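S.K.: Structure supplied as structure-v5.pdb; contents: PDB, N, CA, C and O atoms.
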```pdb
ATOM      1  N   ILE A  11       0.838  -1.185   0.000
ATOM      2  CA  ILE A  11       0.000   0.000   0.000
ATOM      3  C   ILE A  11       0.881   1.246   0.000
ATOM      4  O   ILE A  11       0.585   2.201  -0.702
ATOM      5  N   ASP A  12       1.970   1.221   0.770
ATOM      6  CA  ASP A  12       2.857   2.379   0.834
ATOM      7  C   ASP A  12       3.430   2.729  -0.533
ATOM      8  O   ASP A  12       3.573   3.896  -0.866
ATOM      9  N   LEU A  13       3.746   1.707  -1.330
ATOM     10  CA  LEU A  13       4.282   1.951  -2.666
ATOM     11  C   LEU A  13       3.294   2.723  -3.523
ATOM     12  O   LEU A  13       3.651   3.684  -4.193
ATOM     13  N   PHE A  14       2.020   2.331  -3.482
ATOM     14  CA  PHE A  14       0.997   3.039  -4.251
ATOM     15  C   PHE A  14       0.827   4.467  -3.742
ATOM     16  O   PHE A  14       0.678   5.397  -4.523
ATOM     17  N   LEU A  15       0.851   4.638  -2.424
ATOM     18  CA  LEU A  15       0.677   5.972  -1.860
ATOM     19  C   LEU A  15       1.871   6.868  -2.188
ATOM     20  O   LEU A  15       1.694   8.048  -2.487
ATOM     21  N   ASP A  16       3.096   6.313  -2.146
ATOM     22  CA  ASP A  16       4.274   7.087  -2.515
ATOM     23  C   ASP A  16       4.190   7.535  -3.963
ATOM     24  O   ASP A  16       4.473   8.685  -4.295
ATOM     25  N   PHE A  17       3.795   6.621  -4.853
ATOM     26  CA  PHE A  17       3.665   6.965  -6.262
ATOM     27  C   PHE A  17       2.613   8.045  -6.461
ATOM     28  O   PHE A  17       2.814   8.988  -7.213
ATOM     29  N   SER A  18       1.502   7.905  -5.747
ATOM     30  CA  SER A  18       0.438   8.899  -5.846
ATOM     31  C   SER A  18       0.938  10.267  -5.383
ATOM     32  O   SER A  18       0.636  11.285  -5.998
ATOM     33  N   GLY A  19       1.736  10.287  -4.297
ATOM     34  CA  GLY A  19       2.295  11.538  -3.802
ATOM     35  C   GLY A  19       3.257  12.161  -4.787
ATOM     36  O   GLY A  19       3.267  13.374  -4.985
ATOM     37  N   GLU A  20       4.091  11.330  -5.427
ATOM     38  CA  GLU A  20       5.031  11.832  -6.431
ATOM     39  C   GLU A  20       4.286  12.412  -7.626
ATOM     40  O   GLU A  20       4.688  13.426  -8.174
ATOM     41  N   MET A  21       3.219  11.764  -8.026
ATOM     42  CA  MET A  21       2.432  12.277  -9.146
ATOM     43  C   MET A  21       1.837  13.633  -8.795
ATOM     44  O   MET A  21       1.813  14.539  -9.617
ATOM     45  N   ALA A  22       1.368  13.786  -7.566
ATOM     46  CA  ALA A  22       0.759  15.048  -7.154
ATOM     47  C   ALA A  22       1.809  16.155  -7.096
ATOM     48  O   ALA A  22       1.530  17.298  -7.442
ATOM     49  N   GLU A  23       3.023  15.824  -6.653
ATOM     50  CA  GLU A  23       4.083  16.825  -6.545
ATOM     51  C   GLU A  23       4.709  17.136  -7.899
ATOM     52  O   GLU A  23       5.006  18.276  -8.205
ATOM     53  N   GLY A  24       4.926  16.087  -8.713
ATOM     54  CA  GLY A  24       5.682  16.230  -9.947
ATOM     55  C   GLY A  24       4.930  16.875 -11.093
ATOM     56  O   GLY A  24       5.512  17.588 -11.891
ATOM     57  N   GLU A  25       3.687  16.641 -11.183
ATOM     58  CA  GLU A  25       2.929  17.215 -12.291
ATOM     59  C   GLU A  25       1.501  17.474 -11.843
ATOM     60  O   GLU A  25       1.010  16.885 -10.902
ATOM     61  N   LYS A  26       0.872  18.356 -12.545
ATOM     62  CA  LYS A  26      -0.512  18.670 -12.205
ATOM     63  C   LYS A  26      -1.406  17.493 -12.554
ATOM     64  O   LYS A  26      -1.135  16.748 -13.483
ATOM     65  N   LYS A  27      -2.467  17.348 -11.810
ATOM     66  CA  LYS A  27      -3.408  16.260 -12.032
ATOM     67  C   LYS A  27      -4.075  16.439 -13.393
ATOM     68  O   LYS A  27      -4.635  17.475 -13.681
ATOM     69  N   LYS A  28      -3.974  15.410 -14.218
ATOM     70  CA  LYS A  28      -4.560  15.466 -15.554
ATOM     71  C   LYS A  28      -5.958  14.890 -15.517
ATOM     72  O   LYS A  28      -6.229  13.919 -14.842
ATOM     73  N   GLU A  29      -6.837  15.495 -16.225
ATOM     74  CA  GLU A  29      -8.201  15.000 -16.363
ATOM     75  C   GLU A  29      -8.384  14.536 -17.809
ATOM     76  O   GLU A  29      -8.070  15.250 -18.742
ATOM     77  N   LEU A  30      -8.836  13.313 -17.979
ATOM     78  CA  LEU A  30      -9.105  12.787 -19.301
ATOM     79  C   LEU A  30     -10.608  12.814 -19.520
ATOM     80  O   LEU A  30     -11.365  12.330 -18.696
ATOM     81  N   LYS A  31     -11.043  13.394 -20.624
ATOM     82  CA  LYS A  31     -12.472  13.478 -20.886
ATOM     83  C   LYS A  31     -12.885  12.357 -21.827
ATOM     84  O   LYS A  31     -12.388  12.233 -22.915
ATOM     85  N   LEU A  32     -13.798  11.534 -21.368
ATOM     86  CA  LEU A  32     -14.359  10.464 -22.175
ATOM     87  C   LEU A  32     -15.845  10.744 -22.300
ATOM     88  O   LEU A  32     -16.609  10.478 -21.393
ATOM     89  N   GLY A  33     -16.229  11.304 -23.390
ATOM     90  CA  GLY A  33     -17.616  11.717 -23.552
ATOM     91  C   GLY A  33     -17.902  12.833 -22.568
ATOM     92  O   GLY A  33     -17.263  13.866 -22.576
ATOM     93  N   GLU A  34     -18.843  12.629 -21.667
ATOM     94  CA  GLU A  34     -19.175  13.613 -20.645
ATOM     95  C   GLU A  34     -18.486  13.305 -19.322
ATOM     96  O   GLU A  34     -18.490  14.119 -18.429
ATOM     97  N   ALA A  35     -17.908  12.110 -19.189
ATOM     98  CA  ALA A  35     -17.283  11.705 -17.925
ATOM     99  C   ALA A  35     -15.864  12.235 -17.843
ATOM    100  O   ALA A  35     -15.170  12.361 -18.843
ATOM    101  N   GLN A  36     -15.444  12.575 -16.634
ATOM    102  CA  GLN A  36     -14.066  12.984 -16.390
ATOM    103  C   GLN A  36     -13.403  11.915 -15.533
ATOM    104  O   GLN A  36     -13.922  11.529 -14.487
ATOM    105  N   VAL A  37     -12.248  11.425 -15.996
ATOM    106  CA  VAL A  37     -11.539  10.356 -15.307
ATOM    107  C   VAL A  37     -10.188  10.879 -14.857
ATOM    108  O   VAL A  37      -9.437  11.437 -15.650
ATOM    109  N   SER A  38      -9.888  10.693 -13.594
ATOM    110  CA  SER A  38      -8.606  11.130 -13.047
ATOM    111  C   SER A  38      -7.570  10.034 -13.270
ATOM    112  O   SER A  38      -7.895   8.850 -13.286
ATOM    113  N   ASN A  39      -6.291  10.402 -13.419
ATOM    114  CA  ASN A  39      -5.255   9.403 -13.654
ATOM    115  C   ASN A  39      -4.580   8.940 -12.363
ATOM    116  O   ASN A  39      -3.572   8.263 -12.414
ATOM    117  N   SER A  40      -5.085   9.294 -11.188
ATOM    118  CA  SER A  40      -4.500   8.831  -9.931
ATOM    119  C   SER A  40      -5.585   8.275  -9.020
ATOM    120  O   SER A  40      -6.758   8.605  -9.152
ATOM    121  N   LEU A  41      -5.174   7.405  -8.115
ATOM    122  CA  LEU A  41      -6.101   6.788  -7.169
ATOM    123  C   LEU A  41      -6.118   7.567  -5.861
ATOM    124  O   LEU A  41      -5.099   8.092  -5.434
ATOM    125  N   THR A  42      -7.266   7.588  -5.220
ATOM    126  CA  THR A  42      -7.346   8.177  -3.891
ATOM    127  C   THR A  42      -6.841   7.151  -2.880
ATOM    128  O   THR A  42      -6.707   5.968  -3.190
ATOM    129  N   VAL A  43      -6.579   7.592  -1.661
ATOM    130  CA  VAL A  43      -6.129   6.696  -0.600
ATOM    131  C   VAL A  43      -7.187   5.620  -0.351
ATOM    132  O   VAL A  43      -6.864   4.432  -0.195
ATOM    133  N   ASP A  44      -8.451   5.994  -0.341
ATOM    134  CA  ASP A  44      -9.529   5.024  -0.124
ATOM    135  C   ASP A  44      -9.563   3.967  -1.227
ATOM    136  O   ASP A  44      -9.804   2.791  -0.963
ATOM    137  N   GLU A  45      -9.317   4.369  -2.473
ATOM    138  CA  GLU A  45      -9.306   3.413  -3.577
ATOM    139  C   GLU A  45      -8.138   2.445  -3.466
ATOM    140  O   GLU A  45      -8.279   1.247  -3.735
ATOM    141  N   VAL A  46      -6.973   2.932  -3.048
ATOM    142  CA  VAL A  46      -5.800   2.075  -2.870
ATOM    143  C   VAL A  46      -6.068   1.047  -1.773
ATOM    144  O   VAL A  46      -5.792  -0.143  -1.934
ATOM    145  N   VAL A  47      -6.619   1.503  -0.649
ATOM    146  CA  VAL A  47      -6.929   0.596   0.458
ATOM    147  C   VAL A  47      -7.962  -0.440   0.019
ATOM    148  O   VAL A  47      -7.825  -1.639   0.309
ATOM    149  N   ALA A  48      -8.982  -0.023  -0.699
ATOM    150  CA  ALA A  48     -10.015  -0.944  -1.168
ATOM    151  C   ALA A  48      -9.423  -2.000  -2.101
ATOM    152  O   ALA A  48      -9.753  -3.188  -1.994
ATOM    153  N   GLN A  49      -8.537  -1.604  -2.996
ATOM    154  CA  GLN A  49      -7.905  -2.554  -3.906
ATOM    155  C   GLN A  49      -7.020  -3.540  -3.145
ATOM    156  O   GLN A  49      -6.991  -4.733  -3.464
ATOM    157  N   ALA A  50      -6.300  -3.070  -2.133
ATOM    158  CA  ALA A  50      -5.460  -3.953  -1.324
ATOM    159  C   ALA A  50      -6.311  -4.990  -0.600
ATOM    160  O   ALA A  50      -5.947  -6.170  -0.539
ATOM    161  N   VAL A  51      -7.447  -4.575  -0.077
ATOM    162  CA  VAL A  51      -8.348  -5.507   0.615
ATOM    163  C   VAL A  51      -8.880  -6.547  -0.368
ATOM    164  O   VAL A  51      -8.927  -7.741  -0.058
ATOM    165  N   VAL A  52      -9.235  -6.125  -1.561
ATOM    166  CA  VAL A  52      -9.729  -7.064  -2.574
ATOM    167  C   VAL A  52      -8.643  -8.086  -2.914
ATOM    168  O   VAL A  52      -8.911  -9.292  -2.999
ATOM    169  N   PHE A  53      -7.402  -7.626  -3.092
ATOM    170  CA  PHE A  53      -6.310  -8.552  -3.401
ATOM    171  C   PHE A  53      -6.111  -9.555  -2.279
ATOM    172  O   PHE A  53      -5.907 -10.745  -2.521
ATOM    173  N   LEU A  54      -6.143  -9.101  -1.036
ATOM    174  CA  LEU A  54      -5.952  -9.992   0.107
ATOM    175  C   LEU A  54      -7.083 -11.004   0.212
ATOM    176  O   LEU A  54      -6.855 -12.190   0.440
ATOM    177  N   LEU A  55      -8.314 -10.554   0.059
ATOM    178  CA  LEU A  55      -9.452 -11.468   0.155
ATOM    179  C   LEU A  55      -9.455 -12.475  -0.984
ATOM    180  O   LEU A  55      -9.714 -13.660  -0.775
ATOM    181  N   ALA A  56      -9.182 -12.017  -2.177
ATOM    182  CA  ALA A  56      -9.173 -12.929  -3.328
ATOM    183  C   ALA A  56      -8.054 -13.951  -3.186
ATOM    184  O   ALA A  56      -8.244 -15.131  -3.474
ATOM    185  N   GLY A  57      -6.904 -13.524  -2.725
ATOM    186  CA  GLY A  57      -5.781 -14.445  -2.546
ATOM    187  C   GLY A  57      -6.037 -15.467  -1.464
ATOM    188  O   GLY A  57      -5.708 -16.646  -1.610
ATOM    189  N   SER A  58      -6.641 -15.046  -0.355
ATOM    190  CA  SER A  58      -6.879 -15.995   0.730
ATOM    191  C   SER A  58      -7.962 -17.000   0.357
ATOM    192  O   SER A  58      -7.904 -18.156   0.764
ATOM    193  N   ASP A  59      -8.940 -16.585  -0.425
ATOM    194  CA  ASP A  59     -10.007 -17.494  -0.841
ATOM    195  C   ASP A  59      -9.457 -18.590  -1.739
ATOM    196  O   ASP A  59      -9.767 -19.768  -1.552
ATOM    197  N   THR A  60      -8.647 -18.229  -2.708
ATOM    198  CA  THR A  60      -8.105 -19.239  -3.612
ATOM    199  C   THR A  60      -7.141 -20.165  -2.884
ATOM    200  O   THR A  60      -7.111 -21.366  -3.161
ATOM    201  N   THR A  61      -6.365 -19.627  -1.964
ATOM    202  CA  THR A  61      -5.449 -20.459  -1.175
ATOM    203  C   THR A  61      -6.230 -21.431  -0.307
ATOM    204  O   THR A  61      -5.891 -22.621  -0.218
ATOM    205  N   ALA A  62      -7.288 -20.950   0.334
ATOM    206  CA  ALA A  62      -8.119 -21.823   1.171
ATOM    207  C   ALA A  62      -8.753 -22.931   0.343
ATOM    208  O   ALA A  62      -8.800 -24.091   0.778
ATOM    209  N   ASN A  63      -9.227 -22.597  -0.845
ATOM    210  CA  ASN A  63      -9.814 -23.619  -1.720
ATOM    211  C   ASN A  63      -8.787 -24.664  -2.138
ATOM    212  O   ASN A  63      -9.073 -25.862  -2.145
ATOM    213  N   ALA A  64      -7.587 -24.218  -2.484
ATOM    214  CA  ALA A  64      -6.533 -25.153  -2.894
ATOM    215  C   ALA A  64      -6.131 -26.071  -1.743
ATOM    216  O   ALA A  64      -5.957 -27.280  -1.934
ATOM    217  N   LEU A  65      -5.976 -25.527  -0.540
ATOM    218  CA  LEU A  65      -5.609 -26.348   0.613
ATOM    219  C   LEU A  65      -6.727 -27.320   0.975
ATOM    220  O   LEU A  65      -6.456 -28.479   1.326
ATOM    221  N   GLY A  66      -7.961 -26.877   0.905
ATOM    222  CA  GLY A  66      -9.084 -27.753   1.197
ATOM    223  C   GLY A  66      -9.181 -28.906   0.211
ATOM    224  O   GLY A  66      -9.383 -30.063   0.605
ATOM    225  N   TYR A  67      -9.010 -28.605  -1.058
ATOM    226  CA  TYR A  67      -9.079 -29.641  -2.089
ATOM    227  C   TYR A  67      -7.922 -30.627  -1.945
ATOM    228  O   TYR A  67      -8.108 -31.838  -2.052
ATOM    229  N   THR A  68      -6.731 -30.114  -1.660
ATOM    230  CA  THR A  68      -5.562 -30.973  -1.466
ATOM    231  C   THR A  68      -5.761 -31.892  -0.271
ATOM    232  O   THR A  68      -5.465 -33.090  -0.341
ATOM    233  N   SER A  69      -6.273 -31.350   0.816
ATOM    234  CA  SER A  69      -6.536 -32.166   2.008
ATOM    235  C   SER A  69      -7.562 -33.253   1.710
ATOM    236  O   SER A  69      -7.401 -34.408   2.130
ATOM    237  N   TRP A  70      -8.598 -32.904   0.976
ATOM    238  CA  TRP A  70      -9.635 -33.876   0.622
ATOM    239  C   TRP A  70      -9.050 -34.996  -0.243
ATOM    240  O   TRP A  70      -9.322 -36.179  -0.024
ATOM    241  N   MET A  71      -8.233 -34.604  -1.235
ATOM    242  CA  MET A  71      -7.630 -35.608  -2.118
ATOM    243  C   MET A  71      -6.693 -36.530  -1.343
ATOM    244  O   MET A  71      -6.701 -37.747  -1.555
ATOM    245  N   LEU A  72      -5.879 -35.973  -0.449
ATOM    246  CA  LEU A  72      -4.967 -36.803   0.339
ATOM    247  C   LEU A  72      -5.739 -37.735   1.274
ATOM    248  O   LEU A  72      -5.331 -38.880   1.491
ATOM    249  N   ALA A  73      -6.844 -37.268   1.820
ATOM    250  CA  ALA A  73      -7.660 -38.109   2.701
ATOM    251  C   ALA A  73      -8.299 -39.259   1.932
ATOM    252  O   ALA A  73      -8.485 -40.354   2.485
ATOM    253  N   ASN A  74      -8.611 -39.052   0.679
ATOM    254  CA  ASN A  74      -9.236 -40.090  -0.141
ATOM    255  C   ASN A  74      -8.233 -40.995  -0.859
ATOM    256  O   ASN A  74      -8.631 -41.984  -1.469
ATOM    257  N   HIS A  75      -6.967 -40.647  -0.811
ATOM    258  CA  HIS A  75      -5.912 -41.446  -1.459
ATOM    259  C   HIS A  75      -4.764 -41.645  -0.477
ATOM    260  O   HIS A  75      -3.727 -40.984  -0.561
ATOM    261  N   PRO A  76      -4.925 -42.577   0.469
ATOM    262  CA  PRO A  76      -3.910 -42.764   1.510
ATOM    263  C   PRO A  76      -2.548 -43.194   0.969
ATOM    264  O   PRO A  76      -1.513 -42.893   1.587
ATOM    265  N   ASP A  77      -2.498 -43.882  -0.171
ATOM    266  CA  ASP A  77      -1.209 -44.263  -0.743
ATOM    267  C   ASP A  77      -0.403 -43.026  -1.154
ATOM    268  O   ASP A  77       0.810 -42.953  -0.921
ATOM    269  N   VAL A  78      -1.074 -42.038  -1.720
ATOM    270  CA  VAL A  78      -0.402 -40.790  -2.098
ATOM    271  C   VAL A  78       0.010 -40.017  -0.844
ATOM    272  O   VAL A  78       1.098 -39.445  -0.788
ATOM    273  N   LEU A  79      -0.850 -40.041   0.169
ATOM    274  CA  LEU A  79      -0.532 -39.392   1.441
ATOM    275  C   LEU A  79       0.737 -39.976   2.041
ATOM    276  O   LEU A  79       1.615 -39.243   2.505
ATOM    277  N   GLN A  80       0.873 -41.298   2.003
ATOM    278  CA  GLN A  80       2.070 -41.945   2.538
ATOM    279  C   GLN A  80       3.313 -41.563   1.753
ATOM    280  O   GLN A  80       4.379 -41.312   2.335
ATOM    281  N   ARG A  81       3.202 -41.492   0.415
ATOM    282  CA  ARG A  81       4.352 -41.077  -0.401
ATOM    283  C   ARG A  81       4.759 -39.638  -0.089
ATOM    284  O   ARG A  81       5.944 -39.328   0.004
ATOM    285  N   CYS A  82       3.756 -38.754   0.067
ATOM    286  CA  CYS A  82       4.054 -37.355   0.414
ATOM    287  C   CYS A  82       4.722 -37.267   1.782
ATOM    288  O   CYS A  82       5.704 -36.530   1.958
ATOM    289  N   GLN A  83       4.204 -38.029   2.756
ATOM    290  CA  GLN A  83       4.778 -38.011   4.088
ATOM    291  C   GLN A  83       6.206 -38.515   4.078
ATOM    292  O   GLN A  83       7.085 -37.970   4.735
ATOM    293  N   LYS A  84       6.470 -39.562   3.287
ATOM    294  CA  LYS A  84       7.830 -40.105   3.188
ATOM    295  C   LYS A  84       8.770 -39.071   2.586
ATOM    296  O   LYS A  84       9.892 -38.890   3.062
ATOM    297  N   GLU A  85       8.326 -38.405   1.543
ATOM    298  CA  GLU A  85       9.177 -37.399   0.896
ATOM    299  C   GLU A  85       9.478 -36.242   1.865
ATOM    300  O   GLU A  85      10.599 -35.754   1.918
ATOM    301  N   ILE A  86       8.474 -35.839   2.630
ATOM    302  CA  ILE A  86       8.688 -34.769   3.613
ATOM    303  C   ILE A  86       9.666 -35.211   4.669
ATOM    304  O   ILE A  86      10.584 -34.474   5.064
ATOM    305  N   ASP A  87       9.504 -36.451   5.174
ATOM    306  CA  ASP A  87      10.393 -36.973   6.220
ATOM    307  C   ASP A  87      11.819 -37.119   5.722
ATOM    308  O   ASP A  87      12.773 -36.877   6.459
ATOM    309  N   ASP A  88      11.985 -37.513   4.447
ATOM    310  CA  ASP A  88      13.336 -37.708   3.883
ATOM    311  C   ASP A  88      14.066 -36.380   3.689
ATOM    312  O   ASP A  88      15.291 -36.336   3.733
ATOM    313  N   ASN A  89      13.334 -35.338   3.465
ATOM    314  CA  ASN A  89      13.968 -34.041   3.211
ATOM    315  C   ASN A  89      13.894 -33.238   4.458
ATOM    316  O   ASN A  89      14.352 -32.340   4.826
TER     317      ASN A  89
END
```
Re-express the file's structure as structure tokens.
M.R.:
Amino acid sequence: IDLFLDFSGEMAEGEKKKELKLGEAQVSNSLTVDEVVAQAVVFLLAGSDTTANALGYTSWMLANHPDVLQRCQKEIDDN
């Protein structure tokens, strides 16, 4: 988050805020602090959900295939 905020600060100091006109809408080329925080939360939530799904599926597969579980355990113990 700090990296995005630093970049946003440099943009504000280094050049004037540019407004791009698309039809009647005006779009700013920088993010607000609230937008940066919201994007960081989305990244964290999306990442944790996919990780949880992968771990859950892996655990289920290992529980249903004890021969593979034993091979994995042996490899872990050997290393």
S.K.: So the first atom is atom N of Gln83 (chain A) and the second is atom O of Ala56 (chain A); what is the distance between them in Å, to one decimal place?
M.R.: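 Separation between atom N of Gln83 (chain A) and atom O of Ala56 (chain A): 26.8 Å.
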S.K.: To one decimal place in Å, what is the distance between atom O of Gly66 (chain A) and atom N of Leu79 (chain A)?
M.R.: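 Interatomic distance here is 13.1 Å.
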S.K.: For atom O of Asn74 (chain A) and atom C of Asp59 (chain A), determine how far apart the two atoms are, in Å to one decimal place.
M.R.: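 Answer for the atom O of Asn74 (chain A) to atom C of Asp59 (chain A) separation: 23.4 Å.
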